[in-house]
file target_19.cif (mmCIF, C-alpha atoms)
data_data
#
loop_
_atom_site.label_atom_id
_atom_site.label_comp_id
_atom_site.auth_asym_id
_atom_site.auth_seq_id
_atom_site.Cartn_x
_atom_site.Cartn_y
_atom_site.Cartn_z
CA MET A 625 23.82 -4.74 -43.05
CA LEU A 626 21.83 -7.96 -43.07
CA LYS A 627 22.37 -8.27 -39.35
CA LEU A 628 20.98 -4.79 -38.76
CA LYS A 629 17.95 -5.55 -40.92
CA TYR A 630 17.33 -8.74 -38.96
CA PHE A 631 17.71 -6.86 -35.67
CA ILE A 632 15.20 -4.19 -36.71
CA GLN A 633 12.78 -6.78 -38.08
CA GLN A 634 12.80 -8.62 -34.79
CA SER A 635 12.69 -5.70 -32.41
CA TRP A 636 10.89 -2.81 -34.09
CA LEU A 637 7.68 -3.44 -32.14
CA LEU A 638 9.57 -3.53 -28.85
CA ILE A 639 11.40 -0.27 -29.62
CA VAL A 640 8.30 1.56 -30.86
CA SER A 641 6.09 0.41 -27.99
CA SER A 642 8.77 1.15 -25.37
CA PHE A 643 8.88 4.69 -26.72
CA CYS A 644 5.07 5.05 -26.72
CA PHE A 645 4.64 3.52 -23.26
CA GLY A 646 7.44 5.69 -21.90
CA LEU A 647 5.71 8.74 -23.28
CA LEU A 648 2.39 7.64 -21.76
CA ILE A 649 3.93 7.18 -18.30
CA ALA A 650 5.81 10.48 -18.55
CA ALA A 651 2.59 12.33 -19.46
CA THR A 652 0.64 10.72 -16.60
CA ASN A 653 3.45 11.45 -14.17
CA ALA A 654 3.68 15.06 -15.28
CA ALA A 655 -0.07 15.49 -14.90
CA LEU A 656 -0.32 13.84 -11.48
CA SER A 657 2.97 14.58 -9.72
CA PRO A 658 1.91 18.01 -8.35
CA ARG A 659 -1.10 16.34 -6.77
CA ILE A 660 0.98 13.49 -5.36
CA GLU A 661 3.49 15.96 -3.87
CA GLN A 662 0.63 17.97 -2.38
CA ASN A 663 -0.80 14.79 -0.82
CA LYS A 664 2.54 14.13 0.88
CA ILE A 665 2.71 17.68 2.25
CA ASP A 666 -0.93 17.50 3.40
CA LYS A 667 -0.27 14.25 5.22
CA LEU A 668 2.74 15.64 7.04
CA ASN A 669 0.83 18.80 7.94
CA ARG A 670 -2.14 16.76 9.14
CA LEU A 671 -0.03 14.51 11.37
CA ALA A 672 2.37 17.19 12.62
CA GLY A 673 -0.48 19.71 12.89
CA ALA A 674 -2.34 17.40 15.28
CA LEU A 675 0.76 17.21 17.45
CA LEU A 676 1.54 20.94 17.34
CA PRO A 677 -1.92 22.52 17.07
CA LYS A 678 -0.63 26.11 17.31
CA ALA A 679 1.54 25.71 14.23
CA GLU A 680 0.33 27.07 10.89
CA HIS A 681 3.29 26.20 8.67
CA PHE A 682 6.07 23.66 8.73
CA VAL A 683 9.24 25.09 7.24
CA PRO A 684 11.95 22.61 6.28
CA LEU A 685 15.46 23.43 7.54
CA ASP A 686 17.99 24.21 4.80
CA THR A 687 20.33 21.39 5.76
CA LYS A 688 19.37 17.87 6.66
CA ILE A 689 20.68 16.46 9.93
CA GLU A 690 22.70 13.26 9.81
CA ILE A 691 22.05 10.66 12.49
CA ALA A 692 23.05 7.04 13.03
CA SER A 693 19.94 4.88 12.64
CA LEU A 694 19.12 1.95 14.92
CA ARG A 695 20.54 -0.37 12.28
CA GLY A 696 23.87 1.48 12.47
CA LYS A 697 23.55 3.23 9.11
CA LYS A 698 23.96 6.96 8.57
CA GLU A 699 20.66 8.61 7.74
CA LYS A 700 19.74 12.15 6.82
CA VAL A 701 16.70 13.57 8.57
CA GLN A 702 14.73 16.54 7.36
CA VAL A 703 13.72 18.64 10.38
CA TYR A 704 10.76 21.03 10.03
CA LYS A 705 10.32 24.18 12.06
CA ALA A 706 6.71 24.66 13.17
CA VAL A 707 5.78 28.34 13.05
CA THR A 708 2.60 30.27 13.84
CA GLU A 709 0.94 32.78 11.56
CA THR A 710 3.10 35.54 13.06
CA GLY A 711 6.31 33.60 12.45
CA GLU A 712 6.89 32.51 16.03
CA CYS A 713 8.51 29.09 16.47
CA VAL A 714 6.32 26.70 18.47
CA GLY A 715 8.21 23.48 17.94
CA TRP A 716 10.00 21.13 15.61
CA ASN A 717 9.04 17.93 13.91
CA PHE A 718 10.75 15.26 11.85
CA ASN A 719 10.26 11.72 10.61
CA ALA A 720 12.16 8.77 12.07
CA ALA A 721 12.06 5.06 11.37
CA GLY A 722 13.29 1.87 12.99
CA PRO A 723 12.64 -1.85 13.07
CA GLY A 724 9.33 -2.93 14.62
CA PHE A 725 8.02 -6.40 15.44
CA GLN A 726 7.24 -7.41 11.86
CA ASP A 727 8.26 -4.52 9.67
CA LYS A 728 9.69 -1.02 9.73
CA ILE A 729 7.86 1.53 11.86
CA GLU A 730 7.87 5.11 10.57
CA LEU A 731 6.98 7.87 12.97
CA VAL A 732 6.55 11.60 12.84
CA ILE A 733 7.91 13.04 16.06
CA ALA A 734 7.20 16.53 17.37
CA VAL A 735 8.93 18.42 20.20
CA ASP A 736 8.53 21.84 21.77
CA LYS A 737 10.63 24.81 20.64
CA ASP A 738 13.43 24.23 23.17
CA PHE A 739 13.67 20.47 22.58
CA LEU A 740 12.86 19.90 26.24
CA LYS A 741 9.50 18.19 26.03
CA LEU A 742 7.96 15.88 23.47
CA ALA A 743 4.79 17.10 21.81
CA GLY A 744 3.97 13.53 20.82
CA PHE A 745 4.32 11.18 17.89
CA GLY A 746 2.17 9.95 15.03
CA VAL A 747 2.52 6.71 13.09
CA LEU A 748 3.25 7.27 9.39
CA ALA A 749 3.61 3.61 8.49
CA SER A 750 3.65 0.37 10.43
CA ASN A 751 2.74 -3.25 9.96
CA GLU A 752 2.39 -4.37 13.56
CA THR A 753 0.15 -7.21 14.69
CA PRO A 754 -3.51 -6.14 14.55
CA GLY A 755 -5.04 -6.02 18.01
CA PHE A 756 -1.67 -6.00 19.74
CA GLY A 757 1.27 -4.08 18.26
CA ASP A 758 -0.93 -1.79 16.22
CA GLN A 759 -2.15 -0.25 19.47
CA ILE A 760 0.92 2.02 19.16
CA LYS A 761 -1.47 4.15 17.09
CA ASP A 762 -3.99 4.37 19.93
CA GLY A 763 -4.47 7.41 22.12
CA TYR A 764 -3.82 5.75 25.45
CA PHE A 765 -0.31 4.70 24.42
CA ARG A 766 0.53 7.86 22.47
CA ASN A 767 -0.72 10.20 25.21
CA GLN A 768 2.05 8.98 27.52
CA PHE A 769 4.54 10.70 25.23
CA LYS A 770 2.81 14.08 25.24
CA ALA A 771 4.88 16.46 27.37
CA ALA A 772 7.27 13.65 28.35
CA PRO A 773 10.81 14.97 28.89
CA VAL A 774 13.23 14.69 25.96
CA GLY A 775 16.05 12.42 26.99
CA GLU A 776 16.19 8.77 27.78
CA LEU A 777 12.64 7.47 27.85
CA LYS A 778 12.33 4.14 29.59
CA LEU A 779 9.89 1.33 29.01
CA ALA A 780 8.11 -0.22 32.01
CA LYS A 781 5.89 -3.30 31.86
CA THR A 782 3.58 -2.04 34.58
CA GLY A 783 2.82 1.36 35.99
CA ASP A 784 0.48 4.28 35.67
CA SER A 785 0.14 5.20 32.01
CA ALA A 786 -1.68 8.43 32.90
CA LYS A 787 1.38 9.80 34.71
CA ILE A 788 3.56 11.91 32.43
CA ASP A 789 7.21 11.14 33.04
CA SER A 790 10.11 9.47 31.28
CA GLU A 791 8.61 6.07 32.07
CA ILE A 792 6.44 4.67 29.28
CA VAL A 793 4.11 1.81 30.15
CA ALA A 794 4.27 -0.89 27.48
CA ILE A 795 1.22 -2.24 25.67
CA THR A 796 0.18 -5.58 27.16
CA GLY A 797 1.13 -8.35 24.73
CA ALA A 798 3.14 -6.00 22.53
CA THR A 799 6.35 -5.26 24.41
CA VAL A 800 8.46 -5.45 21.25
CA SER A 801 6.35 -2.86 19.39
CA SER A 802 6.28 -0.57 22.44
CA GLU A 803 10.02 -0.90 22.84
CA ALA A 804 10.54 -0.18 19.13
CA VAL A 805 8.67 3.13 19.41
CA VAL A 806 10.64 4.17 22.52
CA ASP A 807 13.94 3.19 20.84
CA ILE A 808 13.16 5.12 17.65
CA ILE A 809 12.23 8.23 19.64
CA ASN A 810 15.25 8.02 21.98
CA ASN A 811 17.71 7.35 19.19
CA SER A 812 16.57 10.11 16.87
CA LEU A 813 15.75 12.77 19.45
CA THR A 814 19.03 12.72 21.38
CA GLN A 815 21.12 12.86 18.20
CA ILE A 816 19.04 15.55 16.53
CA LYS A 817 19.01 17.65 19.71
CA ASP A 818 22.84 17.43 19.91
CA GLN A 819 23.30 18.35 16.28
CA MET A 820 20.88 21.26 16.49
CA HIS A 821 22.67 22.56 19.57
CA LYS A 822 25.95 22.39 17.68
CA GLN A 823 24.45 24.25 14.74
CA GLY A 824 23.06 26.89 17.09
CA LEU A 825 19.46 26.29 16.04
CA ILE A 826 18.33 25.70 19.60
CA GLY A 827 19.89 26.88 22.84
CA ASP A 828 19.47 29.35 25.67
CA ASP A 829 18.96 32.41 23.54
CA LYS A 830 16.88 30.84 20.78
CA MET B 974 -25.87 -14.81 -41.01
CA ILE B 975 -28.16 -14.99 -37.98
CA ASN B 976 -26.51 -18.22 -36.93
CA LYS B 977 -23.10 -16.57 -37.07
CA ARG B 978 -24.28 -13.67 -34.96
CA GLU B 979 -25.90 -16.03 -32.48
CA ALA B 980 -22.73 -18.10 -32.27
CA LYS B 981 -20.72 -14.95 -31.61
CA ALA B 982 -23.10 -13.80 -28.88
CA GLY B 983 -22.94 -17.28 -27.36
CA LEU B 984 -19.15 -17.19 -27.39
CA TYR B 985 -19.09 -13.78 -25.69
CA LYS B 986 -21.52 -14.97 -23.03
CA GLU B 987 -19.51 -18.13 -22.50
CA THR B 988 -16.26 -16.14 -22.15
CA LEU B 989 -17.84 -13.74 -19.67
CA ILE B 990 -19.26 -16.50 -17.50
CA ALA B 991 -16.01 -18.47 -17.67
CA GLY B 992 -14.17 -15.67 -15.85
CA LEU B 993 -16.90 -15.25 -13.28
CA TRP B 994 -17.33 -18.87 -12.31
CA ARG B 995 -16.16 -21.81 -14.46
CA GLU B 996 -12.61 -20.49 -14.86
CA ASN B 997 -12.63 -18.07 -11.94
CA PRO B 998 -8.99 -16.97 -11.58
CA VAL B 999 -8.82 -17.49 -7.82
CA PHE B 1000 -11.18 -20.36 -7.08
CA ARG B 1001 -10.67 -22.45 -10.20
CA LEU B 1002 -7.30 -21.48 -11.71
CA LEU B 1003 -5.62 -20.60 -8.38
CA LEU B 1004 -3.88 -17.62 -9.96
CA GLY B 1005 -2.97 -14.33 -8.29
CA MET B 1006 -2.67 -15.85 -4.83
CA CYS B 1007 -0.27 -13.16 -3.57
CA PRO B 1008 -2.74 -10.24 -3.64
CA THR B 1009 -5.59 -12.61 -2.73
CA LEU B 1010 -3.89 -13.41 0.56
CA ALA B 1011 -2.27 -10.04 1.20
CA VAL B 1012 -4.94 -7.40 0.63
CA THR B 1013 -8.09 -9.14 1.82
CA ALA B 1014 -7.98 -8.08 5.48
CA ALA B 1015 -10.72 -5.54 4.69
CA VAL B 1016 -13.20 -5.00 1.84
CA LYS B 1017 -12.06 -1.50 0.80
CA PRO B 1018 -8.45 -2.41 -0.11
CA ALA B 1019 -9.70 -5.62 -1.74
CA LEU B 1020 -12.14 -3.64 -3.89
CA THR B 1021 -9.45 -1.11 -4.84
CA MET B 1022 -7.08 -3.92 -5.79
CA GLY B 1023 -9.84 -5.59 -7.82
CA LEU B 1024 -10.65 -2.38 -9.71
CA SER B 1025 -6.95 -1.76 -10.41
CA VAL B 1026 -6.64 -5.30 -11.78
CA ILE B 1027 -9.73 -4.77 -14.00
CA PHE B 1028 -8.17 -1.56 -15.39
CA VAL B 1029 -4.78 -3.16 -16.06
CA LEU B 1030 -6.31 -6.36 -17.47
CA LEU B 1031 -8.61 -4.44 -19.78
CA CYS B 1032 -5.89 -2.10 -21.09
CA SER B 1033 -3.29 -4.83 -21.52
CA ASN B 1034 -5.76 -7.17 -23.25
CA ILE B 1035 -6.74 -4.37 -25.67
CA VAL B 1036 -3.13 -3.48 -26.50
CA VAL B 1037 -1.97 -7.11 -26.79
CA SER B 1038 -4.95 -8.00 -28.97
CA LEU B 1039 -4.20 -5.05 -31.28
CA MET B 1040 -0.53 -5.97 -31.65
CA ARG B 1041 -1.08 -9.75 -31.82
CA ASN B 1042 -0.25 -10.00 -35.53
CA PHE B 1043 3.12 -8.30 -35.04
CA LEU B 1044 4.24 -10.32 -32.02
CA LYS B 1045 7.41 -12.39 -32.45
CA PRO B 1046 7.00 -15.67 -30.55
CA HIS B 1047 10.26 -15.38 -28.60
CA LEU B 1048 9.64 -11.74 -27.65
CA ARG B 1049 5.99 -12.03 -26.70
CA ILE B 1050 6.43 -12.43 -22.91
CA LEU B 1051 8.67 -9.37 -22.93
CA MET B 1052 6.00 -7.41 -24.78
CA PHE B 1053 3.28 -8.57 -22.37
CA THR B 1054 5.34 -7.53 -19.34
CA LEU B 1055 6.17 -4.16 -20.88
CA THR B 1056 2.50 -3.48 -21.61
CA ILE B 1057 1.35 -4.62 -18.17
CA ALA B 1058 4.08 -2.65 -16.38
CA THR B 1059 3.02 0.54 -18.18
CA PHE B 1060 -0.61 0.30 -17.12
CA VAL B 1061 0.26 -0.78 -13.57
CA THR B 1062 2.50 2.29 -13.21
CA ILE B 1063 -0.34 4.49 -14.44
CA ALA B 1064 -2.81 2.84 -12.03
CA ASP B 1065 -0.32 3.26 -9.18
CA LEU B 1066 0.12 6.98 -9.95
CA PHE B 1067 -3.66 7.46 -10.06
CA LEU B 1068 -4.11 5.77 -6.68
CA LYS B 1069 -1.30 7.87 -5.16
CA ALA B 1070 -2.89 11.06 -6.51
CA PHE B 1071 -6.57 10.45 -5.80
CA VAL B 1072 -6.77 7.90 -2.96
CA PRO B 1073 -3.42 8.32 -1.16
CA ARG B 1074 -4.53 6.52 2.00
CA MET B 1075 -5.66 3.47 0.07
CA SER B 1076 -2.41 3.55 -1.90
CA GLU B 1077 -0.50 3.38 1.40
CA THR B 1078 -2.66 0.54 2.68
CA LEU B 1079 -2.02 -1.50 -0.47
CA GLY B 1080 1.68 -0.63 -0.36
CA PRO B 1081 3.83 -2.75 -2.67
CA TYR B 1082 0.90 -4.89 -3.83
CA VAL B 1083 -0.13 -2.40 -6.51
CA PRO B 1084 3.28 -2.47 -8.30
CA LEU B 1085 3.21 -6.24 -7.82
CA ILE B 1086 0.21 -6.48 -10.18
CA ILE B 1087 2.93 -6.42 -12.90
CA VAL B 1088 3.80 -10.01 -12.04
CA ASN B 1089 0.23 -11.08 -11.36
CA CYS B 1090 -0.21 -14.36 -13.20
CA ILE B 1091 -3.84 -13.65 -14.15
CA ILE B 1092 -2.87 -10.78 -16.43
CA ILE B 1093 0.04 -12.52 -18.17
CA CYS B 1094 -2.12 -15.64 -18.44
CA ARG B 1095 -4.96 -13.73 -20.16
CA SER B 1096 -2.51 -11.98 -22.52
CA GLU B 1097 -1.03 -15.31 -23.51
CA ALA B 1098 -4.15 -17.48 -23.51
CA CYS B 1099 -6.69 -15.06 -24.91
CA ALA B 1100 -5.61 -11.59 -26.10
CA SER B 1101 -2.67 -12.73 -28.22
CA LYS B 1102 -4.89 -15.18 -30.14
CA ASN B 1103 -8.27 -13.45 -30.36
CA LEU B 1104 -10.02 -10.43 -31.80
CA LEU B 1105 -10.40 -7.22 -29.84
CA GLY B 1106 -14.06 -7.80 -28.83
CA LEU B 1107 -13.45 -11.20 -27.31
CA SER B 1108 -10.31 -9.96 -25.53
CA ILE B 1109 -12.29 -7.13 -23.92
CA ILE B 1110 -15.06 -9.50 -22.79
CA ASP B 1111 -12.45 -11.90 -21.42
CA ALA B 1112 -10.74 -9.08 -19.48
CA VAL B 1113 -14.05 -7.91 -18.01
CA GLY B 1114 -15.09 -11.44 -17.03
CA MET B 1115 -11.77 -12.36 -15.46
CA GLY B 1116 -11.34 -8.95 -13.78
CA VAL B 1117 -14.83 -8.90 -12.30
CA GLY B 1118 -14.46 -12.56 -11.26
CA PHE B 1119 -11.21 -11.73 -9.47
CA THR B 1120 -12.75 -8.66 -7.78
CA ILE B 1121 -15.82 -10.54 -6.55
CA THR B 1122 -13.65 -13.32 -5.15
CA LEU B 1123 -11.36 -10.86 -3.40
CA CYS B 1124 -14.35 -9.03 -1.91
CA ALA B 1125 -15.97 -12.28 -0.76
CA LEU B 1126 -12.77 -13.29 1.00
CA ALA B 1127 -12.28 -9.82 2.47
CA GLY B 1128 -15.93 -9.66 3.57
CA VAL B 1129 -15.61 -12.83 5.66
CA ARG B 1130 -12.28 -11.73 7.14
CA GLU B 1131 -13.31 -8.16 7.94
CA LEU B 1132 -16.61 -9.25 9.47
CA LEU B 1133 -14.96 -11.76 11.78
CA SER B 1134 -11.94 -9.60 12.65
CA THR B 1135 -13.79 -6.35 13.37
CA GLY B 1136 -17.52 -7.15 13.36
CA LYS B 1137 -17.95 -4.45 10.71
CA ILE B 1138 -17.99 -4.13 6.92
CA PHE B 1139 -17.47 -0.68 5.38
CA GLU B 1140 -17.51 0.78 8.92
CA VAL B 1141 -21.07 -0.58 9.43
CA GLN B 1142 -21.49 -2.69 12.55
CA LEU B 1143 -23.06 -6.00 11.51
CA MET B 1144 -22.22 -8.24 14.44
CA PRO B 1145 -24.01 -8.00 17.81
CA ASP B 1146 -22.24 -6.04 20.55
CA ALA B 1147 -21.44 -9.23 22.44
CA PHE B 1148 -19.29 -10.45 19.53
CA VAL B 1149 -15.59 -10.68 20.38
CA PRO B 1150 -13.50 -9.80 17.28
CA TRP B 1151 -11.19 -12.53 16.05
CA ALA B 1152 -7.94 -10.62 15.57
CA ALA B 1153 -6.37 -13.65 13.89
CA MET B 1154 -8.68 -13.22 10.90
CA SER B 1155 -6.95 -10.00 9.85
CA MET B 1156 -3.55 -11.70 10.07
CA PRO B 1157 -2.03 -14.03 7.44
CA VAL B 1158 -3.42 -17.08 9.24
CA GLY B 1159 -6.95 -15.75 8.66
CA ALA B 1160 -6.21 -15.31 4.95
CA PHE B 1161 -5.06 -18.92 4.50
CA LEU B 1162 -7.91 -20.29 6.59
CA THR B 1163 -10.62 -18.33 4.76
CA LEU B 1164 -9.18 -19.08 1.33
CA GLY B 1165 -8.96 -22.79 2.15
CA LEU B 1166 -12.52 -22.94 3.43
CA LEU B 1167 -13.92 -20.97 0.48
CA LEU B 1168 -12.00 -23.16 -2.00
CA GLY B 1169 -13.46 -26.22 -0.25
CA LEU B 1170 -16.93 -24.71 -0.47
CA VAL B 1171 -16.56 -23.96 -4.19
CA ASN B 1172 -15.29 -27.48 -4.82
CA ALA B 1173 -18.20 -28.93 -2.89
CA ILE B 1174 -20.66 -26.85 -4.92
CA THR B 1175 -19.15 -27.82 -8.26
CA GLY B 1176 -18.85 -31.41 -7.08
CA ARG B 1177 -15.29 -31.73 -8.31
CA LYS B 1178 -12.69 -33.77 -6.51
CA THR B 1179 -9.25 -32.16 -6.39
#

call {"tool": "encode", "arguments": {"input": "target_19.cif", "output": "structure tokens"}}
result
Amino acid sequence: MLKLKYFIQQSWLLIVSSFCFGLLIAATNAALSPRIEQNKIDKLNRLAGALLPKAEHFVPLDTKIEIASLRGKKEKVQVYKAVTETGECVGWNFNAAGPGFQDKIELVIAVDKDFLKLAGFGVLASNETPGFGDQIKDGYFRNQFKAAPVGELKLAKTGDSAKIDSEIVAITGATVSSEAVVDIINNSLTQIKDQMHKQGLIGDDK
Amino acid sequence: MINKREAKAGLYKETLIAGLWRENPVFRLLLGMCPTLAVTAAVKPALTMGLSVIFVLLCSNIVVSLMRNFLKPHLRILMFTLTIATFVTIADLFLKAFVPRMSETLGPYVPLIIVNCIIICRSEACASKNLLGLSIIDAVGMGVGFTITLCALAGVRELLSTGKIFEVQLMPDAFVPWAAMSMPVGAFLTLGLLLGLVNAITGRKT
């Protein structure tokens, strides 16, 4: 009994304040979480919408697709179906990540409705070297991916970056970052395309 | 009576100025170096970080000052951390809800305010020993001092790395941006030079 009294004497402030602080955080979270969720959806729509301008809505698929990441781990990817106002499918988009030069690079990747051509990619998060690696966000690098064939993209150190083909011209001074983007896109696209074929989501008659 | 009031006003003024200059957390106490180096690549994130620190410092100083008579010596650090963590979580949620892009730019450095030495230091050195009024003044002084320092550092770095501050071009067109200034090396260099400058002004030998 004495022990319990001692315990309460010592820790009552901690217990009471933990309860109050917990309540405070829960109330703030409850008040702000709809807004935070909306921000996430808006961001995805903004990025994916720029890549697939015809799309009005992005509908998540019911089941997530499992792929092996570049680090060899199994990862589940949420694929979104981009549909127009009339409900016609104009493409697909999903997020993919992989190791960059300094830190993880997270991309949103969009493809056409048959998974034949890339619609492009946007950078969700990256920490590449300013002035060099962070040029992966720039138009001249990203435009090479627009309408490039889905399949094995290759990285070239020199070439014509205006030509749209499976050859991507690397950013001068940032080969590692350029390679990281190409690897992330190749790795995720080929696996997702396979899985979606198997599930019958894309194919000749879809 | 008048003397007492004058002494109190003098003490408040002294406390306020101490945070701004004489005991400036970054330049004189060398506290909070992690955010000082990490988020000062541009003025906007530095300002956001500074304002978040002012909010957390103010709230934690108020709460700690109010509960100072109930604090058990061996549990006080636990209580400080609990209080600080609560307000940092709230600040983080607010940033995610209202300035999501800035929240992404600051990344893990907002949650890391929990272990920012300035805040624990002020709880221990000031709020847990003083009345509410003085604790508030101390929080304002230290918080504003920290913010001004961060912005000064970020101003130098952003100007030299992009030629702009707040998207306004300040450098002549012929200026070649120093990309290194937005990288960690620029942070260390600028901090070192500014510390040297402050030491030279105060005439202290370190």

call {"tool": "closest_atom_pairs", "arguments": {"input": "target_19.cif", "of": "chain B", "to": "chain A", "cutoff": "8 Å", "atoms": "all atoms listed in the file", "output": "Markdown table"}}
result
| residue | atom | partner | partner_atom | distance |
| --- | --- | --- | --- | --- |
| B:Phe1043 | CA | A:Leu637 | CA | 7.3 |
| B:Leu1044 | CA | A:Leu637 | CA | 7.7 |
| B:Lys1045 | CA | A:Gln634 | CA | 7.0 |
| B:Met1052 | CA | A:Leu638 | CA | 6.7 |
| B:Leu1055 | CA | A:Ser642 | CA | 7.4 |
| B:Thr1056 | CA | A:Phe645 | CA | 7.5 |
| B:Thr1059 | CA | A:Phe645 | CA | 6.1 |
| B:Thr1062 | CA | A:Ile649 | CA | 7.2 |
| B:Ile1063 | CA | A:Ile649 | CA | 6.4 |
| B:Leu1066 | CA | A:Asn653 | CA | 7.0 |
| B:Phe1067 | CA | A:Leu656 | CA | 7.3 |
| B:Lys1069 | CA | A:Ile660 | CA | 6.1 |
| B:Ala1070 | CA | A:Ile660 | CA | 4.7 |
| B:Pro1073 | CA | A:Asn663 | CA | 7.0 |
| B:Ala1152 | CA | A:Gly755 | CA | 6.0 |
| B:Ser1155 | CA | A:Pro754 | CA | 7.0 |
| B:Met1156 | CA | A:Pro754 | CA | 7.1 |

call {"tool": "resolve_selection", "arguments": {"input": "target_19.cif", "expression": "the PyMOL selection byres ((chain B and resi 1016-1031) around 6)", "output": "number ranges by chain"}}
result
B: 1012-1013, 1015, 1032-1034, 1060, 1092, 1112, 1116, 1120, 1123-1124, 1127-1128

call {"tool": "resolve_selection", "arguments": {"input": "target_19.cif", "expression": "the PyMOL selection byres ((chain B and resi 989) around 8)", "output": "ChimeraX atom specification"}}
result
/B:985-988,990-993,1110-1111,1113-1115

call {"tool": "residues_around", "arguments": {"input": "target_19.cif", "residues": "Pro998 in chain B", "least_positions_apart": "4", "cutoff": "7 Å", "atoms": "only C-alpha atoms", "output": "ChimeraX atom specification"}}
result
/B:992,1002-1004,1091,1115,1119

call {"tool": "closest_residue", "arguments": {"input": "target_19.cif", "among": "A:Leu779, A:Leu694, A:Ala720, A:Val793", "to": "Asn767 in chain A", "atoms": "all atoms listed in the file"}}
result
A:Val793

call {"tool": "resolve_selection", "arguments": {"input": "target_19.cif", "expression": "the PyMOL selection byres ((chain B and resi 1157) around 10)", "output": "PDB file with C-alpha atoms, in the coordinates of the input"}}
result
ATOM      1  CA  LEU B1010      -3.890 -13.410   0.560  1.00  0.00           C
ATOM      2  CA  ALA B1011      -2.270 -10.040   1.200  1.00  0.00           C
ATOM      3  CA  VAL B1012      -4.940  -7.400   0.630  1.00  0.00           C
ATOM      4  CA  THR B1013      -8.090  -9.140   1.820  1.00  0.00           C
ATOM      5  CA  ALA B1014      -7.980  -8.080   5.480  1.00  0.00           C
ATOM      6  CA  ALA B1153      -6.370 -13.650  13.890  1.00  0.00           C
ATOM      7  CA  MET B1154      -8.680 -13.220  10.900  1.00  0.00           C
ATOM      8  CA  SER B1155      -6.950 -10.000   9.850  1.00  0.00           C
ATOM      9  CA  MET B1156      -3.550 -11.700  10.070  1.00  0.00           C
ATOM     10  CA  VAL B1158      -3.420 -17.080   9.240  1.00  0.00           C
ATOM     11  CA  GLY B1159      -6.950 -15.750   8.660  1.00  0.00           C
ATOM     12  CA  ALA B1160      -6.210 -15.310   4.950  1.00  0.00           C
ATOM     13  CA  PHE B1161      -5.060 -18.920   4.500  1.00  0.00           C
ATOM     14  CA  LEU B1162      -7.910 -20.290   6.590  1.00  0.00           C
ATOM     15  CA  THR B1163     -10.620 -18.330   4.760  1.00  0.00           C
TER      16      THR B1163
END

call {"tool": "atom_distance", "arguments": {"input": "target_19.cif", "atom1": "CA of Val806 in chain A", "atom2": "CA of Lys700 in chain A"}}
result
19.8 Å

call {"tool": "residues_around", "arguments": {"input": "target_19.cif", "residues": "range 705-709 of chain A", "least_positions_apart": "2", "cutoff": "8 Å", "atoms": "all atoms listed in the file", "output": "list in words"}}
result
Leu676, Lys678, Ala679, Glu680, His681, Phe682, Val683, Pro684, Leu685, Val703, Gly711, Glu712, Cys713, Val714, Gly715, Trp716 and Asn717 of chain A

call {"tool": "atom_distance", "arguments": {"input": "target_19.cif", "atom1": "CA of Ala798 in chain A", "atom2": "CA of Gly757 in chain A"}}
result
5.0 Å

call {"tool": "residues_near_point", "arguments": {"input": "target_19.cif", "point": "(4.1, 13.6, 10.2)", "cutoff": "9 Å", "atoms": "all atoms listed in the file", "output": "number ranges by chain"}}
result
A: 667-673, 675, 717-719, 731-734, 745-748

call {"tool": "write_last_selection", "arguments": {"input": "target_19.cif", "atoms": "C-alpha atoms", "output": "CSV table (one decimal), in the frame of the given file"}}
result
chain,number,residue,atom,x,y,z
A,667,LYS,CA,-0.3,14.2,5.2
A,668,LEU,CA,2.7,15.6,7.0
A,669,ASN,CA,0.8,18.8,7.9
A,670,ARG,CA,-2.1,16.8,9.1
A,671,LEU,CA,0.0,14.5,11.4
A,672,ALA,CA,2.4,17.2,12.6
A,673,GLY,CA,-0.5,19.7,12.9
A,675,LEU,CA,0.8,17.2,17.4
A,717,ASN,CA,9.0,17.9,13.9
A,718,PHE,CA,10.8,15.3,11.8
A,719,ASN,CA,10.3,11.7,10.6
A,731,LEU,CA,7.0,7.9,13.0
A,732,VAL,CA,6.6,11.6,12.8
A,733,ILE,CA,7.9,13.0,16.1
A,734,ALA,CA,7.2,16.5,17.4
A,745,PHE,CA,4.3,11.2,17.9
A,746,GLY,CA,2.2,10.0,15.0
A,747,VAL,CA,2.5,6.7,13.1
A,748,LEU,CA,3.2,7.3,9.4

call {"tool": "closest_residue", "arguments": {"input": "target_19.cif", "among": "A:Ile792, A:Lys778, A:Lys728, A:Glu752", "to": "Tyr764 in chain A", "atoms": "only C-alpha atoms"}}
result
A:Ile792

call {"tool": "atom_distance", "arguments": {"input": "target_19.cif", "atom1": "CA of Ile1086 in chain B", "atom2": "CA of Gly1005 in chain B"}}
result
8.7 Å

call {"tool": "closest_residue", "arguments": {"input": "target_19.cif", "among": "B:Leu1168, B:Cys1094, B:Met1144, B:Ile1035", "to": "Leu1107 in chain B", "atoms": "only C-alpha atoms"}}
result
B:Ile1035

call {"tool": "closest_residue", "arguments": {"input": "target_19.cif", "among": "B:Thr1078, B:Ser1101, B:Thr1122, B:Ser1108", "to": "Pro1046 in chain B", "atoms": "only C-alpha atoms"}}
result
B:Ser1101

call {"tool": "axis_aligned_box", "arguments": {"input": "target_19.cif", "around": "range 1017-1020 of chain B", "padding_each_side": "6 Å", "output": "AutoDock Vina command-line options"}}
result
--center_x -10.3 --center_y -3.6 --center_z -1.5 --size_x 15.7 --size_y 16.1 --size_z 16.7

call {"tool": "residues_around", "arguments": {"input": "target_19.cif", "residues": "Thr799 in chain A", "least_positions_apart": "3", "cutoff": "9 Å", "atoms": "only C-alpha atoms", "output": "list in words"}}
result
Gly757, Leu779, Lys781, Ala794, Ile795, Thr796, Ser802, Glu803 and Ala804 of chain A
